[in-house]
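Engineer: Just dropping this structure here.
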Amino acid sequence: MSFDILEFLQSLVQLNAVGYMREVWSDDMPAWLSEAILDIVVILVICTFNLIIVLGLIWLERKVVARIQDRIGPNRVGGRYGILQSVADATKLLSKEIITPSGADKLAFNLAPLVIVVAALLMWAVIPFAPGVIGTDLNVGLFYVLAISSVSVVPLLLAGWGSNNKYALLGAFRSVAQLVSYEVPMVMALLIPILIAGTMSMQGLVMAQEVWYVLVVPLSALIFLVSALAELGRTPFDLLEAESEIIAGYHIEYSGMKFAMFFLAEFINSLFMAALFTTIYLGGWRGPGAMEYPILGLIYFFIKVFLVYFVFIWIRGTFPRIRIDQLLDFNWKFLVPLTLGLIMVIAVVVKLIPEGTNPWAAAAALFIVNILVGLVALEFVRRYARRQRIEVEEVSISLDKTGDVTEVQSTATVVS
Amino acid sequence: MTIQQVVFILISLITIISAIVVVTDRNLFRAAVGLMASFLGVAGLYIILEAGFLAVAQLLVYIGAISILVIFAIMMTRRLMQTIESPFNSQPVWGLIGAVLAFLLLALVAIRTWPTAQYPAPSGPVVESSVQQLGALMVSPDAYVVPFEVASVLLLAALIGAVAISRTEGS
């Protein structure tokens, strides 16, 4: 079979370009060579796609946040809407001097920006973009994602330690504490879809979603969304870089393109989390006609991903930053017990639903269970809050008698 | 030489060189980073052997958890930028004995499998859904449920012990 540009374009629209090239090359080169070339090309395409789309994401984020805050946002470079603003910023960053602080550990300092971007890109290997379009459909796909995301803690430590700067180190400690803590509820929330689908393969998870899992296990989706935000260090969990406290955290000493690498990884990770949420809870590429025309699946997938990404930006524009103790309390005293309880309840309910039940009926049962668990958790929080309020009132009453007014105020702010 | 062999040699080089860095570098932090690279290389070897689950578990447990813990321990207990000390202790005799024994063991394995071993190794029937089987074995009373539960109780005890030790009196 010889190469034909029209047929190639056709295969491209059918999202089968790899299969087409494999056939074309099957005559005149050994299989391992064509496979190797195709693998490398696919890797390059996925990575380049990520690097380019980040420019768009930065623009989108600035524009949407600006609208939420009643501003206009970028509006000069590239027409009225400032579309080329990120290109200009990237060019500026490329031309900046790269500074290495004195006393820095050169190995750690230079390795960190590389590792963080590589780890961010590695995770895209298992995301199913459309039926049949996936880097590699590992049967441990979701587990792979979690493993790589736990590895991405390492570059933060490298950066914080290598910079020879106490703020960088403090920032790295905070980051690692936050990332390691929120990994726990995230992993456990992801266990619930695995439990229901009975597979860890990403394509298998998409195929299992007759009913989108966000409708089946809304509580798990919510827990995942919250802990994903924390994993990403996005508002309201952005105290990793809290400019007013530790001036940018672990990447304080980086300049120019090295700084941009951290930025890049942050945006790639944000988009990845949106893609992961889409794949696991919003049915991935599923939609009317997606099986027949894979290109439709691709379109559905990206519509969903950008909707989730929009929610991320929306949250960023709406919530204030929380404190480190609130962050850790919320995780260990609320999210983790809630997720553990939810796993147990869901495991029992999944076993109780007989084989061959209508998927919508099973989904309805699980949905009701989720809502019940959520209500119980809210009731616990409400009681806790009431106890706290009563304590504050008692303290303020006893302090009123002594007339120590300033003390009353400070206690009240701490507790509330 | 097939591509697989090239990849194998590259991964082995990464593993061995970073392992040498771990034992020779005078800077503890760098040794810890070398340890991570070495673990990564081992995960790569598992992938070549098509043991995906094992490779991912290696990444998650050894790099994601143990190495981070090691680095934290170094950062918390040493003076930060002055972790320069000799990586060697003064037990050359015992070290030599250990090395010779390890070498003999490896040599024995190599000699025994030498004439018959081939690459790629003749694989048995491909195990479909090995993760499901592994999970079922873990909780099946005929297989590994007792060791599995004992291990979980041990970990739970360690967890509670750590909380009990770090808890300050009276709070």
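Residue numbering restarts at 1 for every chain of the structure tokens, chains are lettered A, B, ... in their displayed order, and ligands are numbered from 1 as they appear.
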Could you write out as a ChimeraX atom specification the residues of chain B within 9 Å of chain A, counting only C-alpha atoms?

Structural biologist: /B:2-3,29-30,33,52-53,55-61,63-65,67-68,71-72,75,80-81,129-132

Engineer: Write out, as a short mmCIF file (atom, residue, chain, number, x, y, z; two decimals), in the first residue's frame, the residues just selected, with N, CA and C atoms.

Structural biologist:
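Contents of the output file again-v4.cif:
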```
data_model
loop_
_atom_site.label_atom_id
_atom_site.label_comp_id
_atom_site.auth_asym_id
_atom_site.auth_seq_id
_atom_site.Cartn_x
_atom_site.Cartn_y
_atom_site.Cartn_z
N THR B 2 17.91 -5.86 19.36
CA THR B 2 16.57 -5.31 19.18
C THR B 2 16.42 -4.06 20.04
N ILE B 3 15.37 -3.31 19.75
CA ILE B 3 15.10 -2.09 20.53
C ILE B 3 14.95 -2.42 22.00
N PHE B 29 21.53 14.25 50.62
CA PHE B 29 20.38 14.58 49.80
C PHE B 29 20.55 14.02 48.39
N ARG B 30 21.77 14.18 47.85
CA ARG B 30 22.02 13.65 46.52
C ARG B 30 21.91 12.13 46.51
N VAL B 33 18.34 11.34 46.17
CA VAL B 33 17.87 11.52 44.79
C VAL B 33 18.33 10.36 43.92
N GLY B 52 3.09 -4.69 34.61
CA GLY B 52 2.65 -3.30 34.75
C GLY B 52 2.26 -2.94 36.17
N PHE B 53 1.51 -3.83 36.80
CA PHE B 53 1.02 -3.53 38.15
C PHE B 53 2.19 -3.36 39.12
N ALA B 55 5.24 -2.54 38.39
CA ALA B 55 5.99 -1.31 38.08
C ALA B 55 5.31 -0.10 38.70
N VAL B 56 3.99 -0.03 38.53
CA VAL B 56 3.27 1.13 39.06
C VAL B 56 3.31 1.14 40.59
N ALA B 57 3.18 -0.07 41.18
CA ALA B 57 3.26 -0.15 42.64
C ALA B 57 4.64 0.30 43.11
N GLN B 58 5.67 -0.08 42.36
CA GLN B 58 7.04 0.34 42.68
C GLN B 58 7.14 1.86 42.70
N LEU B 59 6.59 2.50 41.65
CA LEU B 59 6.61 3.96 41.58
C LEU B 59 5.90 4.55 42.80
N LEU B 60 4.69 4.05 43.05
CA LEU B 60 3.85 4.64 44.09
C LEU B 60 4.47 4.48 45.47
N VAL B 61 4.94 3.25 45.75
CA VAL B 61 5.40 2.97 47.11
C VAL B 61 6.82 3.49 47.32
N ILE B 63 8.99 5.44 45.25
CA ILE B 63 9.33 6.84 44.98
C ILE B 63 8.34 7.76 45.67
N GLY B 64 7.04 7.46 45.50
CA GLY B 64 6.02 8.36 46.04
C GLY B 64 5.98 8.40 47.55
N ALA B 65 6.34 7.30 48.20
CA ALA B 65 6.21 7.29 49.66
C ALA B 65 7.56 7.19 50.36
N SER B 67 10.83 7.27 49.36
CA SER B 67 11.88 8.26 49.09
C SER B 67 11.53 9.62 49.67
N ILE B 68 10.24 9.97 49.57
CA ILE B 68 9.81 11.25 50.14
C ILE B 68 10.06 11.24 51.63
N ILE B 71 13.74 11.70 52.30
CA ILE B 71 14.18 13.08 52.13
C ILE B 71 13.69 13.94 53.30
N PHE B 72 12.46 13.69 53.72
CA PHE B 72 11.94 14.45 54.87
C PHE B 72 12.80 14.20 56.09
N MET B 75 15.95 16.11 55.79
CA MET B 75 15.76 17.55 55.97
C MET B 75 15.48 17.92 57.42
N LEU B 80 20.88 21.64 57.21
CA LEU B 80 20.42 21.48 55.84
C LEU B 80 21.47 21.39 54.76
N MET B 81 22.31 22.40 54.66
CA MET B 81 23.22 22.40 53.51
C MET B 81 24.57 21.80 53.87
N SER B 129 -6.35 -9.85 32.63
CA SER B 129 -6.91 -9.28 33.87
C SER B 129 -6.16 -9.77 35.10
N SER B 130 -4.83 -9.62 35.08
CA SER B 130 -4.04 -10.11 36.20
C SER B 130 -4.36 -9.34 37.48
N VAL B 131 -4.79 -8.07 37.33
CA VAL B 131 -5.09 -7.27 38.53
C VAL B 131 -6.28 -7.86 39.27
N GLN B 132 -7.32 -8.25 38.49
CA GLN B 132 -8.49 -8.86 39.12
C GLN B 132 -8.09 -10.12 39.88
#
```

Engineer: Residues at most 8 Å from segment 333-345 of chain A, counting only C-alpha atoms, excluding those fewer than 4 positions away in the same chain, as a ChimeraX atom specification?

Structural biologist: /A:184-185,188-189,191-192,220,223,329,349,369-370,373,377

Engineer: How about saving the chosen residues, C-alpha atoms kept, as an mmCIF file, in the first residue's frame?

Structural biologist:
```
data_model
loop_
_atom_site.group_PDB
_atom_site.id
_atom_site.type_symbol
_atom_site.label_atom_id
_atom_site.label_comp_id
_atom_site.auth_asym_id
_atom_site.auth_seq_id
_atom_site.Cartn_x
_atom_site.Cartn_y
_atom_site.Cartn_z
ATOM 1 C CA VAL A 184 -5.358 10.170 50.445
ATOM 2 C CA PRO A 185 -8.972 11.318 49.867
ATOM 3 C CA MET A 188 -9.990 6.770 47.993
ATOM 4 C CA ALA A 189 -12.596 8.786 46.066
ATOM 5 C CA LEU A 191 -11.635 3.778 44.389
ATOM 6 C CA ILE A 192 -15.407 4.140 44.250
ATOM 7 C CA SER A 220 -17.246 10.734 45.272
ATOM 8 C CA ILE A 223 -14.588 14.735 47.006
ATOM 9 C CA ASP A 329 -8.092 19.720 59.522
ATOM 10 C CA VAL A 349 -24.673 -1.546 48.212
ATOM 11 C CA VAL A 369 -27.146 6.166 49.117
ATOM 12 C CA ASN A 370 -24.682 8.923 48.212
ATOM 13 C CA VAL A 373 -24.156 9.638 53.335
ATOM 14 C CA ALA A 377 -21.812 14.025 57.082
#
```

Engineer: Here is a test: counting only C-alpha atoms, which residue of B:Ala107, B:Gly95, B:Gly34, B:Phe8 is nearest to Val21 of chain B?

Structural biologist: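 Distance minimum relative to Val21 of chain B lands on B:Gly34.
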
Engineer: What are the DSSP strand (DSSP E or B) residues of segment 52-187 of chain A, as a list in words?

Structural biologist: Pro128, Phe129, Ala130, Val133 and Ile134 of chain A

Engineer: Find the distance between atom CA of Ser163 of chain A and atom CA of Leu114 of chain A and write it in Å to one decimal.

Structural biologist: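 That distance, rounded to one decimal, is 14.9 Å.
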
Engineer: Would you please give, as a PyMOL selection string, all residues of segment 8-143 of chain B that DSSP assigns to helix (DSSP H, G or I) based on the backbone?

Structural biologist: chain B and resi 8-24+28-48+52-77+92-113+130-139

Engineer: With only C-alpha atoms as the atoms that count, which of B:Leu28, B:Ile16, B:Ala157, B:Val145 lies nearest to Thr77 of chain B?

Structural biologist: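 Among the listed residues, B:Leu28 lies closest to Thr77 of chain B.
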
Engineer: Would you mind listing what lies within 10 Å of Ile14 of chain B as a PyMOL selection string, with only C-alpha atoms counted and same-chain residues fewer than 4 positions away left out?

Structural biologist: chain B and resi 8-10+18-20+34+37-42+44

Engineer: Tell me, in Å to one decimal, how far atom CA of Asn331 of chain A is from atom CA of Gln69 of chain A.

Structural biologist: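 We find that atom CA of Asn331 of chain A and atom CA of Gln69 of chain A lie 28.9 Å from each other.
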
Engineer: Separation of atom CA of Val23 of chain B and atom CA of Leu101 of chain B, in Å?

Structural biologist: 18.7 Å

Engineer: Hey, which of A:Met123, A:Val211, A:Leu352, A:Leu179 ends up closest to Glu231 of chain A? Count only C-alpha atoms.

Structural biologist: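 Closest residue, counting only C-alpha atoms: A:Leu179.
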
Engineer: With distances taken over only C-alpha atoms, which residue among B:Ala43, B:Phe88, B:Val70, B:Val100 lies nearest Arg26 of chain B?

Structural biologist: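 Between B:Ala43, B:Phe88, B:Val70, B:Val100, the residue approaching Arg26 of chain B most closely is B:Phe88.
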
Engineer: Out of A:Glu253, A:Glu355, A:Glu292, A:Asp238, which residue has the shortest atom-to-atom distance to Arg321 of chain A when counting only C-alpha atoms?

Structural biologist: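 With only C-alpha atoms as the atom set, the closest residue is A:Asp238.
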
Engineer: Check the smallest atom-to-atom distance from each of B:Met138, B:Leu156, B:Val163, B:Ile66 to Leu35 of chain B using only C-alpha atoms, then report the winner.

Structural biologist: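 For Leu35 of chain B, the nearest of the candidates is B:Ile66.
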